[in-house]
file target_18.cif (mmCIF, C-alpha atoms)
data_upload
loop_
_atom_site.group_PDB
_atom_site.id
_atom_site.type_symbol
_atom_site.label_atom_id
_atom_site.label_comp_id
_atom_site.auth_asym_id
_atom_site.auth_seq_id
_atom_site.Cartn_x
_atom_site.Cartn_y
_atom_site.Cartn_z
ATOM 1 C CA MET A 28 0.158 -48.990 -7.797
ATOM 2 C CA LYS A 29 2.346 -48.162 -4.795
ATOM 3 C CA LEU A 30 3.542 -44.995 -6.521
ATOM 4 C CA PHE A 31 -0.063 -43.958 -7.196
ATOM 5 C CA ARG A 32 -0.991 -44.496 -3.559
ATOM 6 C CA LYS A 33 2.031 -42.512 -2.431
ATOM 7 C CA TRP A 34 1.172 -39.488 -4.588
ATOM 8 C CA SER A 35 -2.488 -39.798 -3.646
ATOM 9 C CA PHE A 36 -1.572 -39.652 0.026
ATOM 10 C CA ILE A 37 0.636 -36.594 -0.538
ATOM 11 C CA TRP A 38 -2.121 -34.851 -2.492
ATOM 12 C CA ARG A 39 -4.663 -35.539 0.219
ATOM 13 C CA SER A 40 -2.279 -34.305 2.914
ATOM 14 C CA LYS A 41 -1.709 -31.054 0.977
ATOM 15 C CA LEU A 42 -5.438 -30.514 0.793
ATOM 16 C CA TRP A 43 -5.702 -30.908 4.551
ATOM 17 C CA PHE A 44 -3.029 -28.244 5.015
ATOM 18 C CA LEU A 45 -4.822 -25.905 2.602
ATOM 19 C CA LEU A 46 -8.295 -26.525 3.966
ATOM 20 C CA PRO A 47 -8.174 -24.113 6.987
ATOM 21 C CA GLY A 48 -6.939 -21.262 4.801
ATOM 22 C CA LEU A 49 -9.505 -21.983 2.091
ATOM 23 C CA LEU A 50 -12.302 -22.133 4.654
ATOM 24 C CA GLY A 51 -11.163 -18.820 6.169
ATOM 25 C CA VAL A 52 -11.035 -17.088 2.795
ATOM 26 C CA GLY A 53 -14.404 -18.517 1.789
ATOM 27 C CA LEU A 54 -16.145 -17.735 5.078
ATOM 28 C CA PHE A 55 -14.727 -14.276 5.763
ATOM 29 C CA THR A 56 -14.058 -12.971 2.238
ATOM 30 C CA LEU A 57 -15.992 -14.721 -0.531
ATOM 31 C CA VAL A 58 -19.279 -15.165 1.333
ATOM 32 C CA PRO A 59 -19.458 -11.519 2.543
ATOM 33 C CA PHE A 60 -18.493 -10.266 -0.910
ATOM 34 C CA GLY A 61 -21.160 -12.474 -2.490
ATOM 35 C CA TRP A 62 -23.731 -11.055 -0.089
ATOM 36 C CA ALA A 63 -22.568 -7.492 -0.912
ATOM 37 C CA LEU A 64 -22.842 -8.250 -4.632
ATOM 38 C CA ILE A 65 -26.417 -9.508 -4.224
ATOM 39 C CA ARG A 66 -27.353 -6.596 -1.945
ATOM 40 C CA SER A 67 -25.926 -4.065 -4.413
ATOM 41 C CA PHE A 68 -28.519 -5.183 -6.992
ATOM 42 C CA SER A 69 -31.433 -5.144 -4.532
ATOM 43 C CA ASN A 70 -32.900 -2.184 -6.434
ATOM 44 C CA GLY A 71 -31.509 -3.083 -9.832
ATOM 45 C CA ILE A 72 -28.804 -0.659 -10.901
ATOM 46 C CA ALA A 73 -30.369 2.210 -8.941
ATOM 47 C CA ASN A 74 -27.852 1.750 -6.113
ATOM 48 C CA TYR A 75 -24.938 2.126 -8.535
ATOM 49 C CA LYS A 76 -26.500 5.253 -10.054
ATOM 50 C CA THR A 77 -26.874 6.715 -6.569
ATOM 51 C CA VAL A 78 -23.265 6.003 -5.673
ATOM 52 C CA LEU A 79 -21.820 7.230 -8.975
ATOM 53 C CA SER A 80 -23.798 10.499 -8.741
ATOM 54 C CA ASN A 81 -22.835 11.131 -5.107
ATOM 55 C CA GLU A 82 -20.588 14.205 -4.689
ATOM 56 C CA ALA A 83 -18.914 12.785 -1.580
ATOM 57 C CA PHE A 84 -18.048 9.657 -3.589
ATOM 58 C CA HIS A 85 -16.506 11.803 -6.332
ATOM 59 C CA LEU A 86 -14.417 13.720 -3.773
ATOM 60 C CA ALA A 87 -13.286 10.530 -2.018
ATOM 61 C CA VAL A 88 -12.312 8.825 -5.279
ATOM 62 C CA LYS A 89 -10.397 11.881 -6.487
ATOM 63 C CA ASN A 90 -8.482 12.231 -3.217
ATOM 64 C CA THR A 91 -7.756 8.506 -2.972
ATOM 65 C CA LEU A 92 -6.427 8.317 -6.536
ATOM 66 C CA ARG A 93 -4.390 11.469 -6.010
ATOM 67 C CA PHE A 94 -3.000 10.067 -2.783
ATOM 68 C CA ALA A 95 -2.043 6.763 -4.432
ATOM 69 C CA GLY A 96 -0.621 8.540 -7.490
ATOM 70 C CA VAL A 97 1.663 10.742 -5.373
ATOM 71 C CA GLY A 98 2.397 8.522 -2.369
ATOM 72 C CA ILE A 99 3.286 5.257 -4.133
ATOM 73 C CA PRO A 100 5.914 6.684 -6.550
ATOM 74 C CA LEU A 101 7.470 8.665 -3.685
ATOM 75 C CA LEU A 102 7.576 5.566 -1.487
ATOM 76 C CA LEU A 103 9.112 3.415 -4.226
ATOM 77 C CA ALA A 104 11.757 5.988 -5.158
ATOM 78 C CA LEU A 105 12.752 7.035 -1.627
ATOM 79 C CA SER A 106 12.805 3.492 -0.257
ATOM 80 C CA PHE A 107 14.909 2.267 -3.206
ATOM 81 C CA LEU A 108 17.439 5.066 -2.759
ATOM 82 C CA ALA A 109 17.596 4.399 0.977
ATOM 83 C CA ALA A 110 18.013 0.655 0.414
ATOM 84 C CA LEU A 111 20.745 1.319 -2.125
ATOM 85 C CA GLY A 112 22.511 3.590 0.324
ATOM 86 C CA ILE A 113 22.556 1.178 3.253
ATOM 87 C CA TYR A 114 22.981 -2.087 1.310
ATOM 88 C CA LYS A 115 26.230 -3.808 2.288
ATOM 89 C CA SER A 116 26.958 -1.024 4.753
ATOM 90 C CA LYS A 117 28.456 -2.077 8.078
ATOM 91 C CA TRP A 118 25.542 -0.249 9.724
ATOM 92 C CA MET A 119 22.925 -2.073 7.641
ATOM 93 C CA ARG A 120 21.356 -4.079 10.487
ATOM 94 C CA PHE A 121 21.142 -1.042 12.744
ATOM 95 C CA LEU A 122 19.683 1.157 10.002
ATOM 96 C CA LYS A 123 17.093 -1.488 9.071
ATOM 97 C CA SER A 124 15.981 -1.572 12.699
ATOM 98 C CA VAL A 125 15.709 2.223 12.733
ATOM 99 C CA TYR A 126 13.605 2.256 9.567
ATOM 100 C CA LEU A 127 11.362 -0.520 10.914
ATOM 101 C CA LEU A 128 10.746 1.326 14.181
ATOM 102 C CA PRO A 129 7.604 3.178 12.929
ATOM 103 C CA MET A 130 5.868 -0.173 12.434
ATOM 104 C CA ALA A 131 6.270 -0.862 16.164
ATOM 105 C CA VAL A 132 4.829 2.500 17.229
ATOM 106 C CA PRO A 133 1.157 2.196 18.337
ATOM 107 C CA THR A 134 -1.293 4.211 16.271
ATOM 108 C CA ALA A 135 -2.435 6.215 19.295
ATOM 109 C CA VAL A 136 1.143 7.349 19.947
ATOM 110 C CA LEU A 137 1.622 8.220 16.278
ATOM 111 C CA VAL A 138 -1.561 10.314 16.261
ATOM 112 C CA LEU A 139 -0.471 12.162 19.403
ATOM 113 C CA ILE A 140 2.920 12.928 17.822
ATOM 114 C CA TRP A 141 1.252 14.124 14.632
ATOM 115 C CA LYS A 142 -1.130 16.416 16.543
ATOM 116 C CA VAL A 143 1.740 17.933 18.514
ATOM 117 C CA PHE A 144 3.876 18.345 15.405
ATOM 118 C CA PHE A 145 1.232 19.634 12.966
ATOM 119 C CA HIS A 146 -0.937 21.729 15.305
ATOM 120 C CA LYS A 147 -1.289 25.411 14.416
ATOM 121 C CA ALA A 148 1.030 26.198 17.318
ATOM 122 C CA GLY A 149 2.954 22.933 16.970
ATOM 123 C CA ILE A 150 6.574 22.093 16.314
ATOM 124 C CA ALA A 151 6.336 22.392 12.507
ATOM 125 C CA ASN A 152 5.025 25.960 12.599
ATOM 126 C CA GLN A 153 7.512 26.930 15.308
ATOM 127 C CA LEU A 154 10.318 25.761 13.033
ATOM 128 C CA LEU A 155 8.809 27.769 10.175
ATOM 129 C CA SER A 156 8.646 30.837 12.418
ATOM 130 C CA VAL A 157 12.336 30.487 13.229
ATOM 131 C CA LEU A 158 13.032 30.478 9.469
ATOM 132 C CA HIS A 159 10.742 33.527 9.060
ATOM 133 C CA ILE A 160 8.249 31.545 6.978
ATOM 134 C CA THR A 161 4.512 32.071 7.345
ATOM 135 C CA PRO A 162 2.946 29.325 9.538
ATOM 136 C CA VAL A 163 0.809 26.735 7.756
ATOM 137 C CA ASP A 164 -2.581 25.336 8.747
ATOM 138 C CA TRP A 165 -1.444 21.731 8.339
ATOM 139 C CA LEU A 166 -4.692 19.975 9.242
ATOM 140 C CA GLY A 167 -7.245 22.566 8.154
ATOM 141 C CA GLY A 168 -5.924 23.664 4.767
ATOM 142 C CA ASP A 169 -4.502 22.332 1.533
ATOM 143 C CA ALA A 170 -1.379 21.124 3.353
ATOM 144 C CA SER A 171 -3.468 18.373 5.009
ATOM 145 C CA PHE A 172 -2.943 16.237 1.904
ATOM 146 C CA TRP A 173 0.814 16.303 2.490
ATOM 147 C CA VAL A 174 0.299 15.334 6.118
ATOM 148 C CA LEU A 175 -1.316 12.151 4.779
ATOM 149 C CA ILE A 176 1.600 11.586 2.409
ATOM 150 C CA ILE A 177 4.129 12.039 5.225
ATOM 151 C CA THR A 178 2.168 9.616 7.409
ATOM 152 C CA TYR A 179 2.078 7.015 4.650
ATOM 153 C CA LEU A 180 5.797 7.340 3.898
ATOM 154 C CA TRP A 181 6.829 7.290 7.547
ATOM 155 C CA LYS A 182 4.726 4.232 8.298
ATOM 156 C CA ASN A 183 5.673 2.124 5.249
ATOM 157 C CA MET A 184 9.219 3.173 4.425
ATOM 158 C CA GLY A 185 10.930 0.677 6.725
ATOM 159 C CA TYR A 186 9.501 -2.604 5.539
ATOM 160 C CA THR A 187 9.668 -1.443 1.895
ATOM 161 C CA ILE A 188 13.407 -0.839 2.353
ATOM 162 C CA VAL A 189 13.761 -4.344 3.805
ATOM 163 C CA LEU A 190 12.019 -5.805 0.731
ATOM 164 C CA TRP A 191 14.345 -3.900 -1.611
ATOM 165 C CA ILE A 192 17.388 -5.106 0.336
ATOM 166 C CA ALA A 193 16.119 -8.703 0.198
ATOM 167 C CA GLY A 194 15.806 -8.396 -3.578
ATOM 168 C CA MET A 195 19.297 -6.944 -3.893
ATOM 169 C CA ALA A 196 20.751 -9.689 -1.711
ATOM 170 C CA ALA A 197 19.360 -12.312 -4.117
ATOM 171 C CA ILE A 198 21.377 -10.890 -7.035
ATOM 172 C CA PRO A 199 24.673 -12.778 -7.506
ATOM 173 C CA ASP A 200 27.732 -10.580 -6.998
ATOM 174 C CA SER A 201 29.323 -12.192 -10.038
ATOM 175 C CA ILE A 202 26.955 -10.275 -12.341
ATOM 176 C CA THR A 203 28.071 -6.814 -11.245
ATOM 177 C CA GLU A 204 31.696 -7.894 -10.810
ATOM 178 C CA ALA A 205 31.825 -9.141 -14.411
ATOM 179 C CA ALA A 206 30.307 -5.873 -15.617
ATOM 180 C CA ARG A 207 32.890 -3.825 -13.707
ATOM 181 C CA VAL A 208 35.703 -5.935 -15.149
ATOM 182 C CA ASP A 209 34.356 -5.116 -18.630
ATOM 183 C CA GLY A 210 34.600 -1.408 -17.783
ATOM 184 C CA ALA A 211 30.989 -0.636 -16.796
ATOM 185 C CA ALA A 212 30.491 2.362 -14.537
ATOM 186 C CA GLU A 213 28.427 2.156 -11.341
ATOM 187 C CA TRP A 214 25.369 3.754 -12.931
ATOM 188 C CA GLN A 215 25.628 1.308 -15.847
ATOM 189 C CA CYS A 216 25.756 -1.639 -13.438
ATOM 190 C CA MET A 217 22.666 -0.239 -11.748
ATOM 191 C CA ARG A 218 20.799 0.440 -15.001
ATOM 192 C CA TYR A 219 21.617 -2.728 -16.923
ATOM 193 C CA MET A 220 22.442 -5.305 -14.231
ATOM 194 C CA ILE A 221 20.714 -4.607 -10.939
ATOM 195 C CA LEU A 222 17.402 -3.014 -11.975
ATOM 196 C CA PRO A 223 16.415 -5.775 -14.461
ATOM 197 C CA GLN A 224 17.001 -8.349 -11.702
ATOM 198 C CA LEU A 225 14.619 -6.461 -9.391
ATOM 199 C CA LYS A 226 11.556 -6.546 -11.656
ATOM 200 C CA SER A 227 9.727 -9.206 -9.658
ATOM 201 C CA VAL A 228 10.537 -7.427 -6.383
ATOM 202 C CA PHE A 229 9.390 -4.130 -7.899
ATOM 203 C CA TYR A 230 6.074 -5.701 -8.899
ATOM 204 C CA MET A 231 5.497 -7.147 -5.420
ATOM 205 C CA ILE A 232 6.412 -3.879 -3.672
ATOM 206 C CA THR A 233 4.151 -1.907 -6.012
ATOM 207 C CA MET A 234 1.170 -4.140 -5.268
ATOM 208 C CA LEU A 235 1.782 -4.081 -1.516
ATOM 209 C CA SER A 236 2.254 -0.309 -1.540
ATOM 210 C CA PHE A 237 -0.957 0.104 -3.526
ATOM 211 C CA LEU A 238 -2.898 -1.975 -1.003
ATOM 212 C CA ASN A 239 -1.297 -0.208 1.966
ATOM 213 C CA SER A 240 -2.236 3.167 0.510
ATOM 214 C CA PHE A 241 -5.829 2.296 1.436
ATOM 215 C CA LYS A 242 -4.845 1.666 5.073
ATOM 216 C CA VAL A 243 -3.869 5.215 5.992
ATOM 217 C CA PHE A 244 -7.462 5.956 7.021
ATOM 218 C CA ARG A 245 -6.906 5.007 10.676
ATOM 219 C CA GLU A 246 -4.359 7.764 11.228
ATOM 220 C CA ALA A 247 -6.372 10.300 9.212
ATOM 221 C CA TYR A 248 -9.539 9.439 11.130
ATOM 222 C CA LEU A 249 -7.907 9.749 14.562
ATOM 223 C CA VAL A 250 -6.172 13.003 13.629
ATOM 224 C CA ALA A 251 -9.054 14.811 11.906
ATOM 225 C CA GLY A 252 -12.255 12.835 12.623
ATOM 226 C CA SER A 253 -15.019 11.541 10.339
ATOM 227 C CA TYR A 254 -15.274 14.766 8.330
ATOM 228 C CA PRO A 255 -11.715 16.097 7.871
ATOM 229 C CA GLN A 256 -10.556 18.867 5.588
ATOM 230 C CA LYS A 257 -11.669 17.988 2.056
ATOM 231 C CA ASN A 258 -8.146 17.122 0.870
ATOM 232 C CA MET A 259 -7.990 14.377 3.517
ATOM 233 C CA TYR A 260 -11.415 12.909 2.773
ATOM 234 C CA LEU A 261 -10.755 9.397 1.438
ATOM 235 C CA LEU A 262 -12.886 6.438 0.419
ATOM 236 C CA GLN A 263 -12.463 4.967 3.889
ATOM 237 C CA HIS A 264 -14.058 8.082 5.407
ATOM 238 C CA LEU A 265 -16.961 7.655 3.012
ATOM 239 C CA PHE A 266 -17.451 3.986 3.926
ATOM 240 C CA ASN A 267 -17.203 4.800 7.626
ATOM 241 C CA ASN A 268 -19.848 7.527 7.384
ATOM 242 C CA TRP A 269 -22.189 5.351 5.326
ATOM 243 C CA PHE A 270 -21.776 2.554 7.857
ATOM 244 C CA THR A 271 -22.614 4.974 10.691
ATOM 245 C CA ASN A 272 -25.777 5.979 8.821
ATOM 246 C CA LEU A 273 -26.509 2.317 7.933
ATOM 247 C CA ASP A 274 -26.556 3.053 4.186
ATOM 248 C CA ILE A 275 -25.950 -0.624 3.455
ATOM 249 C CA ASP A 276 -27.032 -0.509 -0.200
ATOM 250 C CA LYS A 277 -24.592 2.315 -0.942
ATOM 251 C CA MET A 278 -21.802 0.502 0.873
ATOM 252 C CA ALA A 279 -22.458 -2.736 -1.009
ATOM 253 C CA SER A 280 -22.470 -1.027 -4.392
ATOM 254 C CA ALA A 281 -19.340 1.006 -3.634
ATOM 255 C CA ALA A 282 -17.575 -2.133 -2.335
ATOM 256 C CA VAL A 283 -18.295 -3.959 -5.597
ATOM 257 C CA LEU A 284 -17.015 -1.017 -7.626
ATOM 258 C CA LEU A 285 -13.879 -0.897 -5.495
ATOM 259 C CA ALA A 286 -13.292 -4.658 -5.893
ATOM 260 C CA VAL A 287 -13.619 -4.352 -9.676
ATOM 261 C CA PHE A 288 -11.160 -1.442 -9.633
ATOM 262 C CA PHE A 289 -8.635 -3.470 -7.601
ATOM 263 C CA ALA A 290 -8.996 -6.438 -9.948
ATOM 264 C CA LEU A 291 -8.482 -4.286 -13.046
ATOM 265 C CA CYS A 292 -5.413 -2.597 -11.554
ATOM 266 C CA SER A 293 -3.905 -5.965 -10.585
ATOM 267 C CA LEU A 294 -4.517 -7.392 -14.046
ATOM 268 C CA ALA A 295 -3.099 -4.283 -15.721
ATOM 269 C CA LEU A 296 0.076 -4.408 -13.629
ATOM 270 C CA GLN A 297 0.499 -8.137 -14.192
ATOM 271 C CA ASN A 298 -0.036 -7.754 -17.924
ATOM 272 C CA MET A 299 2.495 -4.910 -18.062
ATOM 273 C CA TRP A 300 5.110 -6.990 -16.235
ATOM 274 C CA GLU A 301 4.503 -10.039 -18.454
ATOM 275 C CA LYS A 302 4.971 -7.923 -21.592
ATOM 276 C CA GLU A 303 8.250 -6.529 -20.249
ATOM 277 C CA ASP A 304 9.501 -10.015 -19.397
ATOM 278 C CA LYS A 305 8.693 -11.254 -22.930
ATOM 279 C CA ALA A 306 10.403 -8.217 -24.447
#
call {"tool": "encode", "arguments": {"input": "target_18.cif", "output": "structure tokens"}}
result
Amino acid sequence: MKLFRKWSFIWRSKLWFLLPGLLGVGLFTLVPFGWALIRSFSNGIANYKTVLSNEAFHLAVKNTLRFAGVGIPLLLALSFLAALGIYKSKWMRFLKSVYLLPMAVPTAVLVLIWKVFFHKAGIANQLLSVLHITPVDWLGGDASFWVLIITYLWKNMGYTIVLWIAGMAAIPDSITEAARVDGAAEWQCMRYMILPQLKSVFYMITMLSFLNSFKVFREAYLVAGSYPQKNMYLLQHLFNNWFTNLDIDKMASAAVLLAVFFALCSLALQNMWEKEDKA
């Protein structure tokens, strides 16, 4: 009886700790999403037909998927190589601070730097002129897509490197030391010892990078406005413009479609990781 009361008290105390978070999620996430779901069917499926036939929606989806498909693999590869290079280096703490510096830079300062650097007469084109290369219209042409990629990499590289280093630090040194004693080369230690131990970290970084790829809108909006060059036009621009025009039904339907897409991607990634772990 005493044991039951003890566990009952602990369970109740845990619920009290969880209650504020659950209330916040319910009030600010589940309730608004439920309202959006109901609003999206205010005209039956007509709202979804309108959204799915909208050319601006097609352009935004294409650019967003292209951005995620290029930016995320680049971020994962470059951050892993950087983490591998500075791991266990005597300059590791200093280099981590340097890589984390972009996260401390205010967005307004970042936008000002980007405008100075990528303007038609900016630093980037001046460097190209010195190398006798034709100047590029960075913000008004096809190169604007790569400006977004650079922004995303510069902003997220630091903390992604820190996550990789944290994962590497959790791997016991005895694993790689035993492999080296058995004659394994460095690339073999990396391929067969270190990388398999980083699967869970890789999954977490992939999910976080995927979510952060949808947060680059702020910089793109401040640099190029509500209607940027078509290669920079993302889903966030579309939502912002619909909100300005008070197209609530379109926004609700698109938000539901986006939530379903996120859920499917999360389930697909989780299923892929579970299959690899079983194998």
call {"tool": "closest_residue", "arguments": {"input": "target_18.cif", "among": "A:Ser253, A:Gln153, A:Thr178, A:Asn74", "to": "A:Ala279", "atoms": "all atoms listed in the file"}}
result
A:Asn74
call {"tool": "closest_residue", "arguments": {"input": "target_18.cif", "among": "A:Met119, A:Val287, A:Leu49, A:Ser240", "to": "A:Pro100", "atoms": "all atoms listed in the file"}}
result
A:Ser240
call {"tool": "residues_around", "arguments": {"input": "target_18.cif", "residues": "stretch 206-221 of chain A", "least_positions_apart": "6", "cutoff": "10 Å", "atoms": "all atoms listed in the file", "output": "list in words"}}
result
Leu111, Gly194, Met195, Ile198 and Pro199 of chain A
call {"tool": "write_last_selection", "arguments": {"input": "target_18.cif", "atoms": "C-alpha atoms", "output": "JSON list (two decimals), in the frame of the given file"}}
result
[["chain", "number", "residue", "atom", "x", "y", "z"],
["A", 111, "LEU", "CA", 20.74, 1.32, -2.12],
["A", 194, "GLY", "CA", 15.81, -8.40, -3.58],
["A", 195, "MET", "CA", 19.30, -6.94, -3.89],
["A", 198, "ILE", "CA", 21.38, -10.89, -7.04],
["A", 199, "PRO", "CA", 24.67, -12.78, -7.51]]
call {"tool": "resolve_selection", "arguments": {"input": "target_18.cif", "expression": "the PyMOL selection byres ((chain A and resi 75) around 10)", "output": "list in words"}}
result
Ser67, Phe68, Asn70, Gly71, Ile72, Ala73, Asn74, Lys76, Thr77, Val78, Leu79, Ser80, Asn81, Asp276, Lys277, Ala279, Ser280, Ala281, Val283 and Leu284 of chain A
call {"tool": "resolve_selection", "arguments": {"input": "target_18.cif", "expression": "the PyMOL selection byres ((chain A and resi 110) around 9)", "output": "number ranges by chain"}}
result
A: 105-109, 111-114, 123, 187-192, 195
call {"tool": "closest_residue", "arguments": {"input": "target_18.cif", "among": "A:Ile160, A:Leu155, A:Met130, A:Leu166", "to": "A:Met259", "atoms": "all atoms listed in the file"}}
result
A:Leu166
call {"tool": "resolve_selection", "arguments": {"input": "target_18.cif", "expression": "the PyMOL selection byres ((chain A and resi 238) around 12)", "output": "list in words"}}
result
Thr91, Ala95, Gly98, Ile99, Tyr179, Asn183, Met231, Ile232, Thr233, Met234, Leu235, Ser236, Phe237, Asn239, Ser240, Phe241, Lys242, Val243, Leu285, Ala286, Phe288, Phe289, Ala290, Cys292 and Ser293 of chain A
call {"tool": "residues_near_point", "arguments": {"input": "target_18.cif", "point": "(5.2, 30.9, 10.3)", "cutoff": "12 Å", "atoms": "all atoms listed in the file", "output": "list in words"}}
result
Lys147, Ala148, Gly149, Ile150, Ala151, Asn152, Gln153, Leu154, Leu155, Ser156, Val157, Leu158, His159, Ile160, Thr161, Pro162, Val163, Asp164 and Trp165 of chain A
call {"tool": "atom_distance", "arguments": {"input": "target_18.cif", "atom1": "atom CA of A:Leu137", "atom2": "atom CA of A:Glu246"}}
result
7.8 Å
call {"tool": "atom_distance", "arguments": {"input": "target_18.cif", "atom1": "atom CA of A:Met184", "atom2": "atom CA of A:Leu262"}}
result
22.7 Å
call {"tool": "atom_distance", "arguments": {"input": "target_18.cif", "atom1": "atom CA of A:Gly167", "atom2": "atom CA of A:Lys182"}}
result
21.9 Å
call {"tool": "closest_residue", "arguments": {"input": "target_18.cif", "among": "A:Ile275, A:Ala295, A:Leu139, A:Leu57", "to": "A:Ser69", "atoms": "all atoms listed in the file"}}
result
A:Ile275
call {"tool": "closest_residue", "arguments": {"input": "target_18.cif", "among": "A:Tyr260, A:Thr271, A:Gln297, A:Leu225", "to": "A:Lys89", "atoms": "only C-alpha atoms"}}
result
A:Tyr260
call {"tool": "closest_residue", "arguments": {"input": "target_18.cif", "among": "A:Asn90, A:Gln263, A:Asn272, A:Thr56", "to": "A:Phe172", "atoms": "all atoms listed in the file"}}
result
A:Asn90
call {"tool": "residues_around", "arguments": {"input": "target_18.cif", "residues": "A:Pro255", "least_positions_apart": "5", "cutoff": "10 Å", "atoms": "all atoms listed in the file", "output": "short mmCIF file (atom, residue, chain, number, x, y, z; two decimals) with C-alpha atoms, in the frame of the given file"}}
result
data_model
loop_
_atom_site.label_atom_id
_atom_site.label_comp_id
_atom_site.auth_asym_id
_atom_site.auth_seq_id
_atom_site.Cartn_x
_atom_site.Cartn_y
_atom_site.Cartn_z
CA LEU A 166 -4.69 19.98 9.24
CA GLY A 167 -7.24 22.57 8.15
CA SER A 171 -3.47 18.37 5.01
CA ALA A 247 -6.37 10.30 9.21
CA TYR A 248 -9.54 9.44 11.13
CA LEU A 249 -7.91 9.75 14.56
CA VAL A 250 -6.17 13.00 13.63
CA TYR A 260 -11.42 12.91 2.77
CA LEU A 261 -10.76 9.40 1.44
CA HIS A 264 -14.06 8.08 5.41
#
